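Listing of upload-v9.cif, mmCIF, C-alpha atoms; chains and numbers go by the auth columns
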```
data_my_file
#
loop_
_atom_site.group_PDB
_atom_site.id
_atom_site.type_symbol
_atom_site.label_atom_id
_atom_site.label_comp_id
_atom_site.label_asym_id
_atom_site.label_seq_id
_atom_site.Cartn_x
_atom_site.Cartn_y
_atom_site.Cartn_z
_atom_site.B_iso_or_equiv
_atom_site.auth_seq_id
_atom_site.auth_asym_id
ATOM 1 C CA MET A 1 -99.175 -27.093 99.417 0.00 1258 A
ATOM 2 C CA PRO A 2 -97.926 -24.021 101.307 0.00 1259 A
ATOM 3 C CA LYS A 3 -99.487 -23.037 104.622 0.00 1260 A
ATOM 4 C CA PRO A 4 -101.779 -20.041 104.523 0.00 1261 A
ATOM 5 C CA PRO A 5 -100.265 -16.947 106.130 0.00 1262 A
ATOM 6 C CA LYS A 6 -101.164 -16.403 109.787 0.00 1263 A
ATOM 7 C CA SER A 7 -103.453 -13.590 110.719 0.00 1264 A
ATOM 8 C CA PRO A 8 -102.027 -10.693 112.775 0.00 1265 A
ATOM 9 C CA THR A 9 -104.268 -11.737 115.666 0.00 1266 A
ATOM 10 C CA ASP A 10 -102.845 -15.282 115.702 0.00 1267 A
ATOM 11 C CA MET A 11 -99.291 -13.927 115.541 0.00 1268 A
ATOM 12 C CA TRP A 12 -100.003 -11.549 118.448 0.00 1269 A
ATOM 13 C CA GLN A 13 -101.481 -14.362 120.583 0.00 1270 A
ATOM 14 C CA GLU A 14 -98.404 -16.527 119.947 0.00 1271 A
ATOM 15 C CA PHE A 15 -96.109 -13.627 120.832 0.00 1272 A
ATOM 16 C CA VAL A 16 -97.967 -12.915 124.084 0.00 1273 A
ATOM 17 C CA ALA A 17 -97.992 -16.605 125.042 0.00 1274 A
ATOM 18 C CA ALA A 18 -94.233 -16.922 124.375 0.00 1275 A
ATOM 19 C CA TRP A 19 -93.509 -13.702 126.297 0.00 1276 A
ATOM 20 C CA GLU A 20 -95.615 -14.884 129.250 0.00 1277 A
ATOM 21 C CA HIS A 21 -93.805 -18.233 129.288 0.00 1278 A
ATOM 22 C CA GLU A 22 -90.372 -16.533 129.246 0.00 1279 A
ATOM 23 C CA MET A 23 -91.343 -14.083 132.009 0.00 1280 A
ATOM 24 C CA ASN A 24 -92.595 -16.929 134.209 0.00 1281 A
ATOM 25 C CA ASP A 25 -89.328 -18.850 133.700 0.00 1282 A
ATOM 26 C CA TRP A 26 -87.235 -15.759 134.432 0.00 1283 A
ATOM 27 C CA SER A 27 -89.212 -14.801 137.572 0.00 1284 A
ATOM 28 C CA THR A 28 -88.968 -18.376 138.851 0.00 1285 A
ATOM 29 C CA ARG A 29 -85.191 -18.344 138.475 0.00 1286 A
ATOM 30 C CA VAL A 30 -84.867 -14.925 140.107 0.00 1287 A
ATOM 31 C CA THR A 31 -87.086 -15.664 143.096 0.00 1288 A
ATOM 32 C CA GLN A 32 -85.308 -18.939 143.825 0.00 1289 A
ATOM 33 C CA SER A 33 -81.906 -17.272 144.219 0.00 1290 A
ATOM 34 C CA GLU A 34 -80.489 -16.570 147.664 0.00 1291 A
ATOM 35 C CA GLN A 35 -79.673 -12.973 146.726 0.00 1292 A
ATOM 36 C CA PHE A 36 -83.343 -12.317 145.989 0.00 1293 A
ATOM 37 C CA SER A 37 -84.389 -13.841 149.313 0.00 1294 A
ATOM 38 C CA ALA A 38 -81.826 -11.735 151.188 0.00 1295 A
ATOM 39 C CA ALA A 39 -82.893 -8.568 149.372 0.00 1296 A
ATOM 40 C CA MET A 40 -86.580 -9.222 150.083 0.00 1297 A
ATOM 41 C CA GLY A 41 -85.772 -9.887 153.742 0.00 1298 A
ATOM 42 C CA GLN A 42 -83.922 -6.564 154.011 0.00 1299 A
ATOM 43 C CA ALA A 43 -86.695 -4.716 152.177 0.00 1300 A
ATOM 44 C CA THR A 44 -89.285 -6.159 154.538 0.00 1301 A
ATOM 45 C CA LYS A 45 -87.176 -5.227 157.561 0.00 1302 A
ATOM 46 C CA TYR A 46 -86.722 -1.633 156.380 0.00 1303 A
ATOM 47 C CA SER A 47 -90.396 -1.386 155.543 0.00 1304 A
ATOM 48 C CA LEU A 48 -91.369 -2.440 159.077 0.00 1305 A
ATOM 49 C CA VAL A 49 -88.888 0.009 160.638 0.00 1306 A
ATOM 50 C CA ALA A 50 -90.249 2.841 158.477 0.00 1307 A
ATOM 51 C CA GLN A 51 -93.836 1.903 159.324 0.00 1308 A
ATOM 52 C CA LYS A 52 -93.068 1.883 163.057 0.00 1309 A
ATOM 53 C CA ALA A 53 -91.358 5.292 162.845 0.00 1310 A
ATOM 54 C CA MET A 54 -94.284 6.712 160.882 0.00 1311 A
ATOM 55 C CA THR A 55 -96.770 5.365 163.441 0.00 1312 A
ATOM 56 C CA GLU A 56 -94.811 6.887 166.325 0.00 1313 A
ATOM 57 C CA GLN A 57 -94.587 10.266 164.578 0.00 1314 A
ATOM 58 C CA MET A 58 -98.308 10.200 163.789 0.00 1315 A
ATOM 59 C CA GLU A 59 -99.139 9.404 167.433 0.00 1316 A
ATOM 60 C CA LYS A 60 -96.974 12.322 168.600 0.00 1317 A
ATOM 61 C CA MET A 61 -98.629 14.664 166.119 0.00 1318 A
ATOM 62 C CA LEU A 62 -102.138 13.557 167.103 0.00 1319 A
ATOM 63 C CA GLN A 63 -101.255 13.866 170.791 0.00 1320 A
ATOM 64 C CA SER A 64 -99.971 17.418 170.251 0.00 1321 A
ATOM 65 C CA MET A 65 -103.308 18.299 168.611 0.00 1322 A
ATOM 66 C CA ASN A 66 -105.192 16.570 171.449 0.00 1323 A
ATOM 67 C CA LEU A 67 -106.732 14.026 169.049 0.00 1324 A
ATOM 68 C CA PRO A 68 -107.148 10.285 169.672 0.00 1325 A
ATOM 69 C CA THR A 69 -105.086 7.685 167.850 0.00 1326 A
ATOM 70 C CA ARG A 70 -106.634 4.821 165.934 0.00 1327 A
ATOM 71 C CA ASN A 71 -105.830 2.405 168.772 0.00 1328 A
ATOM 72 C CA GLN A 72 -107.568 4.668 171.278 0.00 1329 A
ATOM 73 C CA ILE A 73 -110.641 4.913 169.044 0.00 1330 A
ATOM 74 C CA ASP A 74 -110.677 1.118 168.639 0.00 1331 A
ATOM 75 C CA GLU A 75 -110.476 0.687 172.433 0.00 1332 A
ATOM 76 C CA LEU A 76 -113.352 3.132 172.905 0.00 1333 A
ATOM 77 C CA SER A 77 -115.401 1.285 170.306 0.00 1334 A
ATOM 78 C CA GLU A 78 -114.850 -1.998 172.129 0.00 1335 A
ATOM 79 C CA ARG A 79 -115.834 -0.435 175.445 0.00 1336 A
ATOM 80 C CA MET A 80 -118.968 1.111 173.919 0.00 1337 A
ATOM 81 C CA ALA A 81 -119.943 -2.231 172.397 0.00 1338 A
ATOM 82 C CA ALA A 82 -119.536 -3.889 175.802 0.00 1339 A
ATOM 83 C CA LEU A 83 -121.658 -1.178 177.440 0.00 1340 A
ATOM 84 C CA GLU A 84 -124.359 -1.535 174.796 0.00 1341 A
ATOM 85 C CA ASP A 85 -124.387 -5.304 175.304 0.00 1342 A
ATOM 86 C CA GLY A 86 -124.733 -4.802 179.051 0.00 1343 A
ATOM 87 C CA LEU A 87 -127.591 -2.343 178.587 0.00 1344 A
ATOM 88 C CA GLU A 88 -129.349 -4.753 176.255 0.00 1345 A
ATOM 89 C CA ARG A 89 -129.043 -7.551 178.828 0.00 1346 A
ATOM 90 C CA LEU A 90 -130.441 -5.235 181.513 0.00 1347 A
ATOM 91 C CA ARG A 91 -133.352 -4.220 179.261 0.00 1348 A
ATOM 92 C CA ILE A 92 -134.195 -7.866 178.599 0.00 1349 A
ATOM 93 C CA ALA A 93 -133.990 -8.696 182.309 0.00 1350 A
ATOM 94 C CA VAL A 94 -136.290 -5.794 183.196 0.00 1351 A
ATOM 95 C CA GLU A 95 -138.807 -6.792 180.508 0.00 1352 A
ATOM 96 C CA ARG A 96 -138.859 -10.369 181.814 0.00 1353 A
ATOM 97 C CA GLU A 97 -139.558 -9.244 185.356 0.00 1354 A
ATOM 98 C CA GLU A 98 -142.296 -6.738 184.503 0.00 1355 A
ATOM 99 C CA THR A 99 -145.107 -7.917 186.756 0.00 1356 A
ATOM 100 C CA PRO A 100 -147.790 -5.961 188.612 0.00 1357 A
ATOM 101 C CA ALA A 101 -146.233 -3.967 191.386 0.00 1358 A
ATOM 102 C CA ARG A 102 -146.493 -5.696 194.729 0.00 1359 A
ATOM 103 C CA PRO A 103 -146.156 -3.892 198.009 0.00 1360 A
ATOM 104 C CA ILE A 104 -142.767 -3.978 199.577 0.00 1361 A
ATOM 105 C CA ALA A 105 -142.806 -5.655 202.978 0.00 1362 A
ATOM 106 C CA ARG A 106 -141.843 -3.217 205.692 0.00 1363 A
ATOM 107 C CA SER A 107 -139.304 -4.307 208.207 0.00 1364 A
ATOM 108 C CA GLU A 108 -140.053 -1.422 210.574 0.00 1365 A
ATOM 109 C CA PRO A 109 -142.071 -2.073 213.750 0.00 1366 A
ATOM 110 C CA LYS A 110 -145.685 -0.882 213.885 0.00 1367 A
ATOM 111 C CA ARG A 111 -146.320 2.375 215.697 0.00 1368 A
ATOM 112 C CA THR A 112 -148.341 1.587 218.817 0.00 1369 A
ATOM 113 C CA ARG A 113 -147.613 4.636 220.920 0.00 1370 A
ATOM 114 C CA LYS A 114 -150.331 7.251 221.046 0.00 1371 A
ATOM 115 C CA ALA A 115 -149.740 10.985 221.146 0.00 1372 A
ATOM 116 C CA PRO A 116 -150.437 12.793 224.442 0.00 1373 A
ATOM 117 C CA ALA A 117 -153.888 14.335 224.750 0.00 1374 A
ATOM 118 C CA GLY A 118 -152.731 17.940 224.331 0.00 1375 A
ATOM 119 C CA ASP A 119 -150.622 17.345 221.144 0.00 1376 A
ATOM 120 C CA THR A 120 -153.403 16.713 218.675 0.00 1377 A
ATOM 121 C CA PRO A 121 -153.283 18.509 215.346 0.00 1378 A
ATOM 122 C CA ASP A 122 -156.549 20.277 216.115 0.00 1379 A
ATOM 123 C CA ASP A 123 -155.007 21.962 219.183 0.00 1380 A
ATOM 124 C CA ALA A 124 -152.219 23.591 217.118 0.00 1381 A
ATOM 125 C CA ALA A 125 -154.617 26.049 215.450 0.00 1382 A
#
```
Can you dump the structure from the file as structure tokens?
Amino acid sequence: MPKPPKSPTDMWQEFVAAWEHEMNDWSTRVTQSEQFSAAMGQATKYSLVAQKAMTEQMEKMLQSMNLPTRNQIDELSERMAALEDGLERLRIAVEREETPARPIARSEPKRTRKAPAGDTPDDAA
């Protein structure tokens, strides 16, 4: 008995599966070659050189416009975070030590000398 004809959907799924299998085999062979590795190494090198040049040009442009670079903004953010942490620690320390105010002990000697008889405030009037 003959096989029933395949539906277009089944034929498409088989085609896609075969194509995917062939592409995987081909890409495996290509990526394992030394030429591919050398080419990718060169491409990566040129990409890094271009990125460095672009970063330097952008820094020069931002500097000419008196604007901060990303690194400078990141440094400022870190410094602000450290300051905020320090302020928070100070706030906590102050809250812990909030007690009724006590008089500060004076280290000055007591005044024992009396004013002369003619220098009283009543005489000045």
Among the residues A:Asp1267, A:Glu1316, A:Glu1355, A:Glu1279, the one that comes closest to Gln1329 in chain A [using all atoms listed in the file] =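 Distance minimum relative to Gln1329 in chain A lands on A:Glu1316.
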message = If I take CA of Gln1289 in chain A and CA of Glu1277 in chain A, how far is one from the other in Å, to one decimal?
response = 18.3 Å
request  = Find the distance between CA of Gln1299 in chain A and CA of Glu1313 in chain A and write it in Å to one decimal.
outcome  =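 Separating CA of Gln1299 in chain A from CA of Glu1313 in chain A is a distance of 21.2 Å.
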Let me know the centre plus edge lengths, in Å and rounded to one decimal, of a box with edges along x, y and z that contains all listed atoms of range 1285-1291 of chain A and is padded by 5 Å on every side, as AutoDock Vina command-line options.
```
--center_x -84.7 --center_y -16.9 --center_z 143.1 --size_x 18.5 --size_y 14.0 --size_z 19.2
```
ask   = To one decimal place, how far is CA of Glu1332 in chain A from CA of Leu1319 in chain A in Å?
value = 16.2 Å
